[in-house]
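Student: This is my_file-v7.cif, which holds mmCIF, C-alpha atoms:
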data_work
#
loop_
_atom_site.label_atom_id
_atom_site.label_comp_id
_atom_site.auth_asym_id
_atom_site.auth_seq_id
_atom_site.Cartn_x
_atom_site.Cartn_y
_atom_site.Cartn_z
CA MET A 1 67.23 -31.60 -40.68
CA PHE A 2 67.53 -29.69 -37.43
CA GLU A 3 70.10 -29.47 -34.67
CA PHE A 4 70.46 -28.10 -31.19
CA ARG A 5 72.86 -28.07 -28.29
CA TRP A 6 71.58 -28.35 -24.76
CA THR A 7 73.50 -27.67 -21.55
CA GLY A 8 72.36 -27.49 -17.98
CA GLN A 9 72.98 -28.42 -14.41
CA ALA A 10 71.17 -29.34 -11.25
CA LEU A 11 72.26 -29.68 -7.64
CA VAL A 12 70.85 -32.80 -5.97
CA GLY A 13 70.90 -33.84 -2.32
CA VAL A 14 72.49 -37.20 -3.10
CA PRO A 15 76.13 -38.24 -2.59
CA LEU A 16 78.40 -38.49 -5.64
CA SER A 17 78.67 -42.30 -5.68
CA LEU A 18 74.89 -42.81 -5.52
CA SER A 19 74.28 -40.11 -8.14
CA TYR A 20 76.72 -41.85 -10.47
CA GLN A 21 75.12 -45.23 -9.84
CA ARG A 22 71.63 -43.95 -10.67
CA LEU A 23 72.76 -42.11 -13.81
CA SER A 24 74.79 -45.03 -15.12
CA ASP A 25 71.90 -47.51 -14.81
CA PRO A 26 69.14 -46.38 -17.21
CA GLU A 27 67.12 -49.51 -16.42
CA GLU A 28 66.45 -47.79 -13.08
CA TRP A 29 64.68 -45.01 -15.02
CA MET A 30 61.83 -47.28 -16.17
CA GLY A 31 58.50 -46.14 -14.80
CA ARG A 32 60.02 -42.79 -13.75
CA VAL A 33 60.76 -41.24 -17.15
CA SER A 34 57.32 -40.78 -18.67
CA SER A 35 58.09 -41.22 -22.37
CA LEU A 36 60.59 -44.09 -21.89
CA ASP A 37 58.85 -47.21 -23.16
CA SER A 38 61.80 -49.61 -22.87
CA VAL A 39 65.51 -49.72 -22.17
CA SER A 40 67.98 -52.60 -22.31
CA VAL A 41 71.70 -53.03 -21.91
CA ASP A 42 72.69 -54.86 -25.08
CA THR A 43 76.42 -55.10 -24.38
CA ASP A 44 78.30 -54.42 -21.14
CA ARG A 45 82.10 -54.36 -21.31
CA GLY A 46 82.68 -52.71 -17.93
CA THR A 47 83.50 -49.13 -18.90
CA GLN A 48 81.67 -49.37 -22.21
CA ARG A 49 78.01 -50.24 -22.73
CA PHE A 50 75.63 -50.27 -25.65
CA ILE A 51 72.15 -49.41 -24.44
CA SER A 52 68.96 -49.46 -26.52
CA TYR A 53 66.11 -47.06 -25.77
CA ARG A 54 62.57 -46.72 -27.04
CA PHE A 55 60.63 -43.52 -26.38
CA ASP A 56 56.97 -42.95 -27.17
CA LEU A 57 56.44 -39.48 -28.60
CA PRO A 58 53.12 -38.05 -29.70
CA GLY A 59 52.29 -39.95 -32.87
CA LYS A 60 55.64 -41.75 -33.16
CA ALA A 61 57.90 -44.15 -31.28
CA ILE A 62 61.64 -43.48 -31.49
CA ALA A 63 64.18 -46.27 -31.00
CA PHE A 64 67.93 -45.79 -30.78
CA THR A 65 71.10 -47.27 -29.33
CA LEU A 66 73.75 -45.26 -27.53
CA GLN A 67 77.31 -46.23 -26.78
CA HIS A 68 78.03 -45.20 -23.18
CA THR A 69 81.59 -44.77 -21.91
CA LEU A 70 81.81 -44.72 -18.12
CA HIS A 71 84.47 -42.71 -16.28
CA ARG A 72 83.63 -43.60 -12.68
CA PRO A 73 82.59 -41.63 -10.65
CA HIS A 74 82.71 -38.27 -12.42
CA GLN A 75 81.56 -38.66 -16.02
CA ILE A 76 79.34 -40.65 -18.37
CA HIS A 77 79.76 -39.97 -22.08
CA TRP A 78 77.42 -41.22 -24.79
CA LYS A 79 77.23 -41.16 -28.56
CA LEU A 80 74.77 -42.47 -31.10
CA ALA A 81 75.38 -46.00 -32.37
CA SER A 82 72.10 -46.17 -34.36
CA GLY A 83 68.69 -44.59 -34.24
CA ASP A 84 65.40 -43.54 -35.81
CA GLY A 85 65.24 -39.90 -36.88
CA MET A 86 68.69 -39.11 -35.48
CA VAL A 87 71.91 -38.14 -37.16
CA LYS A 88 73.80 -37.23 -33.97
CA ASN A 89 73.09 -37.76 -30.28
CA GLU A 90 76.24 -37.13 -28.28
CA GLY A 91 76.68 -35.81 -24.80
CA ARG A 92 77.86 -36.37 -21.28
CA TRP A 93 76.93 -36.19 -17.65
CA VAL A 94 79.59 -34.62 -15.40
CA LEU A 95 79.26 -35.08 -11.65
CA GLU A 96 80.96 -32.93 -9.04
CA GLU A 97 80.91 -33.65 -5.33
CA PHE A 98 79.64 -30.84 -3.10
CA PRO A 99 79.58 -30.53 0.70
CA SER A 100 76.70 -31.98 2.73
CA GLN A 101 76.30 -35.10 0.56
CA GLN A 102 75.30 -33.12 -2.54
CA THR A 103 76.26 -33.57 -6.18
CA ARG A 104 76.18 -31.07 -9.01
CA ILE A 105 75.07 -32.80 -12.20
CA SER A 106 76.04 -30.97 -15.38
CA PHE A 107 75.17 -32.23 -18.81
CA GLU A 108 75.52 -31.36 -22.42
CA LEU A 109 73.89 -32.74 -25.52
CA ASP A 110 74.65 -32.17 -29.20
CA PHE A 111 71.76 -33.39 -31.29
CA GLU A 112 70.92 -33.54 -34.99
CA GLY A 113 67.74 -35.12 -36.19
CA GLU A 114 65.29 -35.47 -38.99
CA LEU A 115 61.59 -36.22 -39.01
CA PRO A 116 59.07 -36.06 -41.86
CA VAL A 117 57.63 -32.77 -40.55
CA PRO A 118 58.73 -29.15 -40.95
CA ALA A 119 62.05 -28.47 -39.19
CA PHE A 120 60.63 -25.89 -36.75
CA LEU A 121 57.99 -28.40 -35.54
CA ALA A 122 60.50 -31.24 -35.27
CA GLU A 123 62.93 -29.05 -33.34
CA ARG A 124 60.22 -27.91 -30.92
CA MET A 125 59.05 -31.51 -30.38
CA TRP A 126 62.59 -32.87 -29.80
CA LYS A 127 63.62 -30.02 -27.49
CA GLY A 128 60.50 -30.44 -25.39
CA MET A 129 60.96 -34.20 -25.13
CA VAL A 130 64.67 -33.93 -24.31
CA GLU A 131 64.17 -31.26 -21.64
CA LYS A 132 61.39 -33.21 -19.94
CA THR A 133 63.38 -36.46 -20.09
CA PHE A 134 66.50 -34.95 -18.53
CA ARG A 135 64.47 -33.31 -15.76
CA GLU A 136 62.87 -36.69 -15.01
CA ILE A 137 66.26 -38.44 -14.99
CA VAL A 138 67.56 -35.92 -12.46
CA SER A 139 64.44 -36.66 -10.39
CA VAL A 140 65.40 -40.35 -10.48
CA VAL A 141 68.85 -39.43 -9.15
CA GLN A 142 67.19 -37.37 -6.42
CA ASP A 143 64.86 -40.37 -5.86
CA GLU A 144 61.84 -38.17 -5.54
CA PRO A 145 59.37 -38.29 -8.43
CA GLY A 146 59.03 -34.85 -9.95
CA SER A 147 61.60 -33.15 -7.70
CA HIS A 148 64.82 -31.45 -8.67
CA GLN A 149 66.87 -28.51 -7.50
CA GLY A 150 68.78 -25.99 -9.55
CA GLY A 151 65.99 -25.43 -12.08
CA SER A 152 67.39 -22.07 -13.10
CA GLY A 153 70.51 -23.82 -14.38
CA TRP A 154 68.63 -25.63 -17.14
CA THR A 155 69.23 -24.08 -20.53
CA LEU A 156 68.51 -24.95 -24.12
CA ASP A 157 70.84 -23.33 -26.64
#
Would you kindly transcribe this structure into structure tokens?
Tutor:
Amino acid sequence: MFEFRWTGQALVGVPLSLSYQRLSDPEEWMGRVSSLDSVSVDTDRGTQRFISYRFDLPGKAIAFTLQHTLHRPHQIHWKLASGDGMVKNEGRWVLEEFPSQQTRISFELDFEGELPVPAFLAERMWKGMVEKTFREIVSVVQDEPGSHQGGSGWTLD
């Protein structure tokens, strides 16, 4: 078993409403988040959605479902409903409007997982995958493949 907490932020040149729209629609991430193999909205109750994800990691595919709670237009919270190799996957996106049609995107993730490999290898693999995925999601918000601003604000605790 291993766990980590990840926090970070990025400033994107996209208005708040569009940033929120792109973050709250993970189906828009397909083809732009490299390890994301599939995503589907299983249940949509307006401010609450259950979304299933499948990621291809080196040597293993990971499938899980997150319960998203939407607080338009400033926050998206998620928590694990079910998943392979995960005990906890809970976090949130927080969006703050900035001048000149910019948005600061802050996020936090609390994660606990287990894989049939030594904990230090599993932790390294998960951290690397999570960091890359979040950077790619911010690039989707920015709508420029591979681009993001505020790179120095990304931290893994």
Student: Place a sphere of radius 7 Å on (74.9, -29.7, -29.5) in the file coordinates and name every protein, DNA or RNA residue with an atom inside or on its surface, counting all atoms listed in the file; give the answer as a list of chain:residue names.
Tutor: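 Using all atoms listed in the file, the matching residues come out as A:Phe4, A:Arg5, A:Trp6, A:Leu109, A:Asp110, A:Phe111.
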Student: Next, the residues of the selection above should be written as a PDB file, in the frame of the given file with C-alpha atoms.
Tutor:
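Output below, filename again-v1.pdb:
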ATOM      1  CA  PHE A   4      70.460 -28.100 -31.190  1.00  0.00           C
ATOM      2  CA  ARG A   5      72.860 -28.070 -28.290  1.00  0.00           C
ATOM      3  CA  TRP A   6      71.580 -28.350 -24.760  1.00  0.00           C
ATOM      4  CA  LEU A 109      73.890 -32.740 -25.520  1.00  0.00           C
ATOM      5  CA  ASP A 110      74.650 -32.170 -29.200  1.00  0.00           C
ATOM      6  CA  PHE A 111      71.760 -33.390 -31.290  1.00  0.00           C
TER       7      PHE A 111
END
Student: Report, in Å to a single decimal, how far apart atom CA of His71 of chain A and atom CA of Arg92 of chain A are.
Tutor: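 A separation of 10.4 Å between them.
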Student: Point out the residue among A:Phe98, A:Trp29, A:Phe107, A:Tyr53 with the least atom-to-atom distance to Gly8 of chain A, counting only C-alpha atoms.
Tutor: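 Of A:Phe98, A:Trp29, A:Phe107, A:Tyr53, the one nearest Gly8 of chain A is A:Phe107, counting only C-alpha atoms.
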Student: Translate the PyMOL selection byres ((chain A and resi 32) around 12) into a concrete residue list for this structure, as a count of residues only.
Tutor: 28
Student: Calculate how many Å separate atom CA of Glu96 of chain A from atom CA of Leu66 of chain A, rounding to one decimal.
Tutor: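 These atoms are spaced 23.4 Å apart.
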Student: If you apply the PyMOL selection byres ((chain A and resi 13) around 6) to this file, what residues do you get, as a ChimeraX atom specification?
Tutor: /A:12,14,102
Student: Report as a ChimeraX atom specification all protein, DNA and RNA residues lying within 6 Å of Arg104 of chain A, evaluated on all atoms listed in the file, omitting residues in the same chain fewer than 4 positions from it.
Tutor: /A:10-11,95-96
Student: Env of Ile76 of chain A: 7 Å cut, atoms = only C-alpha atoms, seq-sep filter 4 positions within chain, self excluded. Answer as a list in words.
Tutor: His68, Thr69, Leu70, His71, Arg92, Trp93 and Val94 of chain A
Student: Can you tell me how far atom CA of Glu114 of chain A sits from atom CA of Val87 of chain A, in Å to one decimal?
Tutor: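 Going from atom CA of Glu114 of chain A over to atom CA of Val87 of chain A, I get 7.4 Å.
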